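So this block is protein_2.txt, compact mmCIF, N, CA and C atoms:
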```
# COMPACT_ATOMS: atom_id res chain seq x y z
N MET V 1 -23.02 18.13 -20.56
CA MET V 1 -23.16 16.81 -19.96
C MET V 1 -24.60 16.66 -19.47
N SER V 2 -25.22 15.55 -19.82
CA SER V 2 -26.60 15.33 -19.40
C SER V 2 -26.64 14.68 -18.03
N VAL V 3 -27.71 14.93 -17.33
CA VAL V 3 -27.91 14.35 -16.00
C VAL V 3 -29.05 13.35 -16.08
N ALA V 4 -28.80 12.14 -15.62
CA ALA V 4 -29.82 11.10 -15.65
C ALA V 4 -30.82 11.34 -14.52
N THR V 5 -32.08 11.40 -14.87
CA THR V 5 -33.12 11.56 -13.85
C THR V 5 -34.06 10.37 -13.86
N ASP V 6 -34.06 9.63 -14.91
CA ASP V 6 -34.92 8.46 -15.05
C ASP V 6 -34.32 7.30 -14.24
N LYS V 7 -35.15 6.57 -13.52
CA LYS V 7 -34.68 5.48 -12.65
C LYS V 7 -33.89 4.43 -13.44
N ASP V 8 -34.35 4.06 -14.64
CA ASP V 8 -33.65 3.06 -15.45
C ASP V 8 -32.29 3.58 -15.92
N ALA V 9 -32.24 4.86 -16.27
CA ALA V 9 -30.98 5.45 -16.73
C ALA V 9 -29.96 5.47 -15.60
N ILE V 10 -30.40 5.81 -14.41
CA ILE V 10 -29.49 5.82 -13.25
C ILE V 10 -29.01 4.41 -12.96
N SER V 11 -29.92 3.45 -12.99
CA SER V 11 -29.55 2.05 -12.75
C SER V 11 -28.53 1.58 -13.78
N GLY V 12 -28.74 1.93 -15.04
CA GLY V 12 -27.81 1.54 -16.10
C GLY V 12 -26.44 2.16 -15.90
N TRP V 13 -26.41 3.42 -15.44
CA TRP V 13 -25.14 4.10 -15.20
C TRP V 13 -24.37 3.40 -14.07
N VAL V 14 -25.07 3.02 -13.01
CA VAL V 14 -24.43 2.33 -11.89
C VAL V 14 -23.90 0.97 -12.34
N GLU V 15 -24.70 0.23 -13.12
CA GLU V 15 -24.25 -1.07 -13.62
C GLU V 15 -23.01 -0.93 -14.49
N LYS V 16 -22.96 0.11 -15.32
CA LYS V 16 -21.79 0.35 -16.16
C LYS V 16 -20.58 0.65 -15.29
N LEU V 17 -20.76 1.50 -14.29
CA LEU V 17 -19.67 1.85 -13.39
C LEU V 17 -19.13 0.59 -12.70
N MET V 18 -20.01 -0.23 -12.19
CA MET V 18 -19.60 -1.45 -11.48
C MET V 18 -19.00 -2.47 -12.44
N SER V 19 -19.51 -2.54 -13.67
CA SER V 19 -18.99 -3.53 -14.61
C SER V 19 -17.56 -3.20 -15.00
N ASP V 20 -17.19 -1.91 -15.02
CA ASP V 20 -15.81 -1.55 -15.32
C ASP V 20 -14.87 -2.18 -14.29
N ASP V 21 -15.28 -2.19 -13.04
CA ASP V 21 -14.47 -2.79 -11.99
C ASP V 21 -14.51 -4.32 -12.07
N LYS V 22 -15.64 -4.87 -12.46
CA LYS V 22 -15.76 -6.33 -12.53
C LYS V 22 -14.84 -6.91 -13.59
N GLU V 23 -14.55 -6.12 -14.65
CA GLU V 23 -13.68 -6.61 -15.70
C GLU V 23 -12.27 -6.84 -15.16
N ASP V 24 -11.86 -6.11 -14.15
CA ASP V 24 -10.56 -6.28 -13.54
C ASP V 24 -10.74 -7.16 -12.31
N SER V 25 -10.30 -8.40 -12.40
CA SER V 25 -10.54 -9.36 -11.33
C SER V 25 -9.80 -9.01 -10.04
N HIS V 26 -8.89 -8.04 -10.09
CA HIS V 26 -8.13 -7.68 -8.89
C HIS V 26 -8.82 -6.58 -8.07
N THR V 27 -9.87 -5.97 -8.59
CA THR V 27 -10.55 -4.90 -7.86
C THR V 27 -11.51 -5.49 -6.84
N ARG V 28 -11.42 -4.97 -5.62
CA ARG V 28 -12.30 -5.38 -4.54
C ARG V 28 -12.79 -4.12 -3.83
N TYR V 29 -13.73 -4.29 -2.93
CA TYR V 29 -14.24 -3.16 -2.16
C TYR V 29 -14.04 -3.43 -0.67
N ARG V 30 -13.73 -2.37 0.05
CA ARG V 30 -13.52 -2.47 1.49
C ARG V 30 -14.10 -1.22 2.14
N HIS V 31 -14.27 -1.25 3.45
CA HIS V 31 -14.73 -0.07 4.16
C HIS V 31 -13.69 1.04 4.02
N ALA V 32 -14.15 2.25 3.77
CA ALA V 32 -13.26 3.38 3.56
C ALA V 32 -12.37 3.61 4.78
N ARG V 33 -11.11 3.98 4.50
CA ARG V 33 -10.15 4.24 5.57
C ARG V 33 -10.10 5.74 5.84
N MET V 34 -10.05 6.08 7.10
CA MET V 34 -9.90 7.47 7.52
C MET V 34 -8.51 7.62 8.14
N ARG V 35 -7.73 8.51 7.57
CA ARG V 35 -6.38 8.76 8.11
C ARG V 35 -6.50 9.58 9.38
N VAL V 36 -5.93 9.05 10.45
CA VAL V 36 -5.94 9.72 11.74
C VAL V 36 -4.60 9.42 12.41
N GLN V 37 -3.99 10.43 12.98
CA GLN V 37 -2.77 10.19 13.73
C GLN V 37 -3.09 10.24 15.21
N THR V 38 -2.81 9.13 15.87
CA THR V 38 -2.99 9.07 17.32
C THR V 38 -2.16 7.92 17.87
N ALA V 39 -1.94 7.95 19.15
CA ALA V 39 -1.18 6.90 19.82
C ALA V 39 -2.07 5.70 20.08
N VAL V 40 -1.47 4.53 19.99
CA VAL V 40 -2.16 3.27 20.27
C VAL V 40 -1.26 2.43 21.15
N LEU V 41 -1.86 1.81 22.15
CA LEU V 41 -1.14 0.82 22.94
C LEU V 41 -1.75 -0.52 22.58
N MET V 42 -0.93 -1.41 22.02
CA MET V 42 -1.41 -2.76 21.72
C MET V 42 -0.83 -3.70 22.76
N SER V 43 -1.70 -4.54 23.34
CA SER V 43 -1.24 -5.43 24.40
C SER V 43 -1.82 -6.82 24.22
N ARG V 44 -1.06 -7.79 24.74
CA ARG V 44 -1.47 -9.20 24.66
C ARG V 44 -0.74 -9.92 25.79
N GLY V 45 -1.51 -10.45 26.72
CA GLY V 45 -0.87 -11.09 27.88
C GLY V 45 -0.04 -10.06 28.62
N GLY V 46 1.21 -10.37 28.89
CA GLY V 46 2.11 -9.44 29.57
C GLY V 46 2.91 -8.55 28.63
N GLU V 47 2.62 -8.64 27.35
CA GLU V 47 3.36 -7.89 26.34
C GLU V 47 2.58 -6.63 25.95
N ALA V 48 3.28 -5.49 25.83
CA ALA V 48 2.63 -4.25 25.42
C ALA V 48 3.58 -3.46 24.53
N HIS V 49 3.02 -2.84 23.49
CA HIS V 49 3.81 -2.06 22.55
C HIS V 49 3.09 -0.76 22.22
N PRO V 50 3.73 0.38 22.49
CA PRO V 50 3.15 1.65 22.02
C PRO V 50 3.43 1.79 20.53
N THR V 51 2.47 2.32 19.79
CA THR V 51 2.64 2.52 18.36
C THR V 51 1.74 3.65 17.90
N ASP V 52 1.63 3.84 16.59
CA ASP V 52 0.80 4.90 16.02
C ASP V 52 -0.24 4.32 15.08
N LEU V 53 -1.39 4.95 15.06
CA LEU V 53 -2.45 4.60 14.13
C LEU V 53 -2.15 5.25 12.78
N VAL V 54 -2.25 4.47 11.70
CA VAL V 54 -2.07 5.00 10.34
C VAL V 54 -3.43 5.39 9.78
N ASP V 55 -4.38 4.45 9.84
CA ASP V 55 -5.75 4.74 9.44
C ASP V 55 -6.70 3.80 10.15
N ILE V 56 -7.99 4.14 10.08
CA ILE V 56 -9.01 3.38 10.79
C ILE V 56 -10.24 3.28 9.91
N SER V 57 -10.97 2.17 10.04
CA SER V 57 -12.21 1.98 9.28
C SER V 57 -13.25 1.35 10.21
N ALA V 58 -14.39 1.04 9.64
CA ALA V 58 -15.47 0.42 10.43
C ALA V 58 -15.14 -1.02 10.81
N THR V 59 -14.17 -1.62 10.14
CA THR V 59 -13.87 -3.03 10.41
C THR V 59 -12.46 -3.29 10.93
N GLY V 60 -11.60 -2.28 10.92
CA GLY V 60 -10.23 -2.52 11.38
C GLY V 60 -9.38 -1.26 11.42
N ALA V 61 -8.11 -1.47 11.73
CA ALA V 61 -7.16 -0.37 11.86
C ALA V 61 -5.82 -0.80 11.29
N LEU V 62 -5.09 0.17 10.75
CA LEU V 62 -3.74 -0.07 10.26
C LEU V 62 -2.79 0.66 11.20
N LEU V 63 -1.84 -0.09 11.76
CA LEU V 63 -0.89 0.45 12.74
C LEU V 63 0.52 0.42 12.19
N ARG V 64 1.35 1.33 12.69
CA ARG V 64 2.78 1.23 12.39
C ARG V 64 3.30 0.05 13.21
N ARG V 65 4.18 -0.73 12.61
CA ARG V 65 4.73 -1.88 13.33
C ARG V 65 5.78 -1.40 14.33
N PRO V 66 5.56 -1.65 15.62
CA PRO V 66 6.52 -1.18 16.63
C PRO V 66 7.82 -1.99 16.59
N PRO V 67 8.94 -1.36 16.90
CA PRO V 67 10.21 -2.10 16.97
C PRO V 67 10.10 -3.22 18.00
N GLY V 68 10.62 -4.38 17.65
CA GLY V 68 10.61 -5.50 18.59
C GLY V 68 9.32 -6.30 18.62
N TRP V 69 8.31 -5.87 17.88
CA TRP V 69 7.03 -6.61 17.87
C TRP V 69 7.21 -7.91 17.10
N ARG V 70 6.76 -9.02 17.67
CA ARG V 70 6.94 -10.34 17.05
C ARG V 70 5.62 -11.07 16.88
N GLY V 71 4.55 -10.35 16.73
CA GLY V 71 3.26 -10.99 16.56
C GLY V 71 3.12 -11.63 15.19
N GLU V 72 1.99 -12.29 14.99
CA GLU V 72 1.76 -12.96 13.71
C GLU V 72 0.26 -12.97 13.40
N PRO V 73 -0.08 -13.17 12.13
CA PRO V 73 -1.50 -13.20 11.74
C PRO V 73 -2.28 -14.22 12.56
N GLY V 74 -3.50 -13.82 12.93
CA GLY V 74 -4.38 -14.68 13.70
C GLY V 74 -4.36 -14.38 15.19
N GLN V 75 -3.31 -13.73 15.69
CA GLN V 75 -3.24 -13.41 17.11
C GLN V 75 -4.25 -12.32 17.46
N THR V 76 -4.79 -12.39 18.65
CA THR V 76 -5.71 -11.38 19.15
C THR V 76 -4.96 -10.44 20.09
N TRP V 77 -5.15 -9.13 19.88
CA TRP V 77 -4.51 -8.09 20.68
C TRP V 77 -5.58 -7.12 21.18
N ILE V 78 -5.31 -6.48 22.28
CA ILE V 78 -6.16 -5.40 22.79
C ILE V 78 -5.56 -4.09 22.29
N LEU V 79 -6.39 -3.24 21.70
CA LEU V 79 -5.94 -1.94 21.22
C LEU V 79 -6.59 -0.85 22.07
N ASP V 80 -5.77 0.03 22.59
CA ASP V 80 -6.24 1.21 23.32
C ASP V 80 -5.85 2.43 22.49
N MET V 81 -6.86 3.13 21.97
CA MET V 81 -6.63 4.30 21.12
C MET V 81 -7.20 5.53 21.81
N ILE V 82 -6.41 6.58 21.84
CA ILE V 82 -6.85 7.82 22.49
C ILE V 82 -6.92 8.92 21.43
N PHE V 83 -8.12 9.50 21.29
CA PHE V 83 -8.36 10.57 20.33
C PHE V 83 -8.68 11.84 21.10
N GLY V 84 -7.77 12.81 21.07
CA GLY V 84 -7.99 14.05 21.80
C GLY V 84 -7.99 13.79 23.30
N HIS V 85 -8.70 14.65 24.04
CA HIS V 85 -8.72 14.54 25.50
C HIS V 85 -9.90 13.74 26.02
N ASP V 86 -10.90 13.50 25.15
CA ASP V 86 -12.13 12.93 25.68
C ASP V 86 -12.61 11.64 25.03
N LEU V 87 -11.84 11.09 24.10
CA LEU V 87 -12.30 9.85 23.45
C LEU V 87 -11.23 8.77 23.57
N HIS V 88 -11.58 7.72 24.30
CA HIS V 88 -10.70 6.57 24.50
C HIS V 88 -11.45 5.34 24.00
N ILE V 89 -10.92 4.69 22.97
CA ILE V 89 -11.57 3.50 22.43
C ILE V 89 -10.68 2.29 22.73
N HIS V 90 -11.25 1.35 23.43
CA HIS V 90 -10.58 0.13 23.88
C HIS V 90 -11.31 -1.03 23.21
N LEU V 91 -10.62 -1.82 22.38
CA LEU V 91 -11.27 -2.92 21.70
C LEU V 91 -10.31 -4.07 21.46
N GLU V 92 -10.86 -5.16 20.97
CA GLU V 92 -10.10 -6.37 20.68
C GLU V 92 -10.00 -6.52 19.17
N ALA V 93 -8.80 -6.87 18.68
CA ALA V 93 -8.61 -7.02 17.24
C ALA V 93 -7.64 -8.17 16.95
N SER V 94 -7.82 -8.76 15.79
CA SER V 94 -6.99 -9.87 15.35
C SER V 94 -6.03 -9.36 14.27
N VAL V 95 -4.81 -9.87 14.28
CA VAL V 95 -3.83 -9.50 13.26
C VAL V 95 -4.28 -10.13 11.93
N ALA V 96 -4.56 -9.28 10.95
CA ALA V 96 -5.00 -9.76 9.63
C ALA V 96 -3.83 -9.87 8.66
N ARG V 97 -2.89 -8.93 8.75
CA ARG V 97 -1.71 -8.97 7.88
C ARG V 97 -0.58 -8.20 8.52
N VAL V 98 0.63 -8.56 8.14
CA VAL V 98 1.83 -7.95 8.71
C VAL V 98 2.82 -7.67 7.59
N SER V 99 3.42 -6.48 7.61
CA SER V 99 4.53 -6.18 6.71
C SER V 99 5.68 -5.68 7.57
N ALA V 100 6.78 -5.33 6.94
CA ALA V 100 7.94 -4.85 7.69
C ALA V 100 7.64 -3.56 8.44
N ARG V 101 6.69 -2.74 7.94
CA ARG V 101 6.41 -1.44 8.55
C ARG V 101 5.03 -1.30 9.16
N GLN V 102 4.08 -2.20 8.82
CA GLN V 102 2.71 -2.01 9.26
C GLN V 102 2.05 -3.31 9.71
N ILE V 103 0.98 -3.15 10.51
CA ILE V 103 0.18 -4.28 10.97
C ILE V 103 -1.28 -3.95 10.66
N GLY V 104 -1.94 -4.81 9.91
CA GLY V 104 -3.37 -4.66 9.64
C GLY V 104 -4.16 -5.44 10.66
N MET V 105 -5.05 -4.75 11.38
CA MET V 105 -5.85 -5.37 12.44
C MET V 105 -7.32 -5.38 12.04
N GLU V 106 -8.00 -6.48 12.37
CA GLU V 106 -9.44 -6.61 12.12
C GLU V 106 -10.14 -6.73 13.47
N TYR V 107 -11.14 -5.85 13.70
CA TYR V 107 -11.84 -5.88 14.99
C TYR V 107 -12.52 -7.23 15.20
N THR V 108 -12.36 -7.75 16.41
CA THR V 108 -13.06 -8.98 16.77
C THR V 108 -14.09 -8.73 17.87
N LEU V 109 -13.87 -7.68 18.68
CA LEU V 109 -14.82 -7.34 19.74
C LEU V 109 -14.73 -5.85 20.04
N ILE V 110 -15.84 -5.15 19.77
CA ILE V 110 -15.94 -3.74 20.14
C ILE V 110 -16.97 -3.69 21.27
N PRO V 111 -16.53 -3.31 22.47
CA PRO V 111 -17.49 -3.25 23.58
C PRO V 111 -18.69 -2.37 23.22
N GLU V 112 -19.84 -2.78 23.68
CA GLU V 112 -21.08 -2.08 23.34
C GLU V 112 -21.01 -0.59 23.67
N ASP V 113 -20.37 -0.23 24.77
CA ASP V 113 -20.30 1.18 25.16
C ASP V 113 -19.29 1.99 24.33
N LYS V 114 -18.53 1.33 23.44
CA LYS V 114 -17.56 2.03 22.57
C LYS V 114 -18.02 2.09 21.13
N GLN V 115 -19.04 1.31 20.76
CA GLN V 115 -19.48 1.27 19.37
C GLN V 115 -19.95 2.61 18.85
N ALA V 116 -20.80 3.30 19.59
CA ALA V 116 -21.32 4.60 19.15
C ALA V 116 -20.18 5.61 19.01
N SER V 117 -19.24 5.59 19.94
CA SER V 117 -18.09 6.51 19.87
C SER V 117 -17.26 6.27 18.61
N LEU V 118 -17.04 4.99 18.29
CA LEU V 118 -16.28 4.66 17.09
C LEU V 118 -17.02 5.13 15.84
N TRP V 119 -18.32 4.89 15.77
CA TRP V 119 -19.10 5.29 14.58
C TRP V 119 -19.11 6.81 14.44
N GLU V 120 -19.23 7.52 15.58
CA GLU V 120 -19.20 8.99 15.54
C GLU V 120 -17.85 9.49 15.06
N LEU V 121 -16.78 8.87 15.51
CA LEU V 121 -15.43 9.24 15.06
C LEU V 121 -15.31 9.06 13.56
N LEU V 122 -15.81 7.93 13.05
CA LEU V 122 -15.68 7.62 11.63
C LEU V 122 -16.59 8.48 10.76
N GLY V 123 -17.68 8.97 11.30
CA GLY V 123 -18.59 9.80 10.52
C GLY V 123 -19.02 9.09 9.25
N GLY V 124 -18.89 9.75 8.10
CA GLY V 124 -19.28 9.19 6.81
C GLY V 124 -18.45 8.01 6.36
N TYR V 125 -17.28 7.82 6.96
CA TYR V 125 -16.43 6.68 6.60
C TYR V 125 -17.04 5.37 7.09
N ALA V 126 -17.90 5.43 8.09
CA ALA V 126 -18.45 4.22 8.71
C ALA V 126 -19.23 3.36 7.73
N ASP V 127 -19.93 3.97 6.79
CA ASP V 127 -20.74 3.19 5.86
C ASP V 127 -20.38 3.44 4.40
N THR V 128 -19.13 3.82 4.14
CA THR V 128 -18.67 4.08 2.78
C THR V 128 -17.70 2.97 2.36
N LEU V 129 -17.84 2.50 1.13
CA LEU V 129 -16.92 1.52 0.57
C LEU V 129 -15.99 2.20 -0.42
N GLU V 130 -14.77 1.68 -0.54
CA GLU V 130 -13.82 2.20 -1.52
C GLU V 130 -13.22 1.03 -2.29
N ALA V 131 -12.87 1.30 -3.53
CA ALA V 131 -12.27 0.25 -4.37
C ALA V 131 -10.77 0.16 -4.04
N TRP V 132 -10.25 -1.05 -4.11
CA TRP V 132 -8.82 -1.26 -3.98
C TRP V 132 -8.45 -2.48 -4.80
N GLN V 133 -7.19 -2.62 -5.12
CA GLN V 133 -6.74 -3.74 -5.95
C GLN V 133 -5.64 -4.52 -5.27
N ASP V 134 -5.69 -5.83 -5.45
CA ASP V 134 -4.60 -6.68 -4.98
C ASP V 134 -3.39 -6.38 -5.85
N ASP V 135 -2.23 -6.44 -5.22
CA ASP V 135 -1.00 -6.26 -6.01
C ASP V 135 -0.52 -7.57 -6.55
```

The structure given in the file should be rewritten as structure tokens.
Amino acid sequence: MSVATDKDAISGWVEKLMSDDKEDSHTRYRHARMRVQTAVLMSRGGEAHPTDLVDISATGALLRRPPGWRGEPGQTWILDMIFGHDLHIHLEASVARVSARQIGMEYTLIPEDKQASLWELLGGYADTLEAWQDD
């Protein structure tokens, strides 16, 4: 197998790789998800639900849908996530999608003092994109 070292050859290889995905109109790119298991408390007004984190990215989090939760897309919730003994991330997120088992949340406000902690937690996932397809 040959290795491209010429700038034009590398550029051509990247264009070919991307064009394969462009041919399939259902392929999109999103921030990479990091699977992490931790407890999350989601709250809104006087309502609070303990749940679990499924995965987290630079732009949002996927949560298990707690029993009795009746939220809907567009609502804003406060998420309190605790990682280990020394990392507590408190942020605001909007419901992006809901299924029978999961809730997709999109961050709407990450307090300035929590941003660095979140980026450190995500490590290389913070600036990595992954391909995914609509069903």

Practice task
Compile the contact shell of region 111-121 of chain V as a PyMOL selection string: residues with an atom at most 6.5 Å away, counting all atoms listed in the file, same-chain residues fewer than 4 positions apart removed.
Solution key: chain V and resi 89-92+126

Problem - Residue set, region 81-115 of chain V restricted to alpha helix (DSSP H), as a list in words - result: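 Assigned to alpha helix (DSSP H), within region 81-115 of chain V: Glu112, Asp113, Lys114 and Gln115 of chain V.
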
Exercise for the section: Please indicate the distance in Å from atom N of Met81 (chain V) to atom N of Glu47 (chain V), rounded to one decimal place. Expected result: 16.0 Å

Problem - Option closest in space to Ile56 (chain V), from V:Arg35, V:Arg44, V:Arg70, V:Arg101 [counting all atoms listed in the file] - result: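 Residue with the minimum atom-to-atom distance to Ile56 (chain V): V:Arg35.
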
Exercise for the section: Name all residues at most 12 Å from Gly46 (chain V) (count only C-alpha atoms; drop same-chain ones fewer than 3 positions away) and give them as a list of chain:residue names. Expected result: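 So, after excluding close chain neighbours, the residues are V:Met42, V:Ser43, V:His49, V:Trp77, V:Ile78.
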
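Candidate residues V:His26, V:Thr51, V:Pro73, V:Leu79 were compared for distance to Ala96 (chain V), and the nearest is V:Pro73, using all atoms listed in the file.
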
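Going from CA of Thr76 (chain V) over to CA of Asp55 (chain V), you cover 18.8 Å.
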
Practice task
Using atom C of Leu62 (chain V) and CA of Ala48 (chain V) as the two end points, give the distance in Å to one decimal.
Solution key: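 Separating atom C of Leu62 (chain V) from CA of Ala48 (chain V) is a distance of 16.0 Å.
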
Practice task
Using all atoms listed in the file, pick whichever of V:Ser94, V:Thr108, V:Gln102, V:Thr38 has the shortest atom-to-atom distance to Leu63 (chain V).
Solution key: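 Comparing V:Ser94, V:Thr108, V:Gln102, V:Thr38 against Leu63 (chain V), the winner is V:Gln102.
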
Problem - Shell of 9 Å around Asp52 (chain V), only C-alpha atoms, local chain residues under 6 positions omitted, as a list in words - result: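 Here the answer would be Gln37, Thr38, Ala39, Val40, Leu41, Leu62, Leu63, Arg64, Arg65 and Pro66 of chain V.
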
Exercise for the section: Run DSSP on the backbone and give me the residues of region 65-132 of chain V it puts in strand (DSSP E), as a PyMOL selection string. Expected result: chain V and resi 76-83+87-98+102-109+129-132
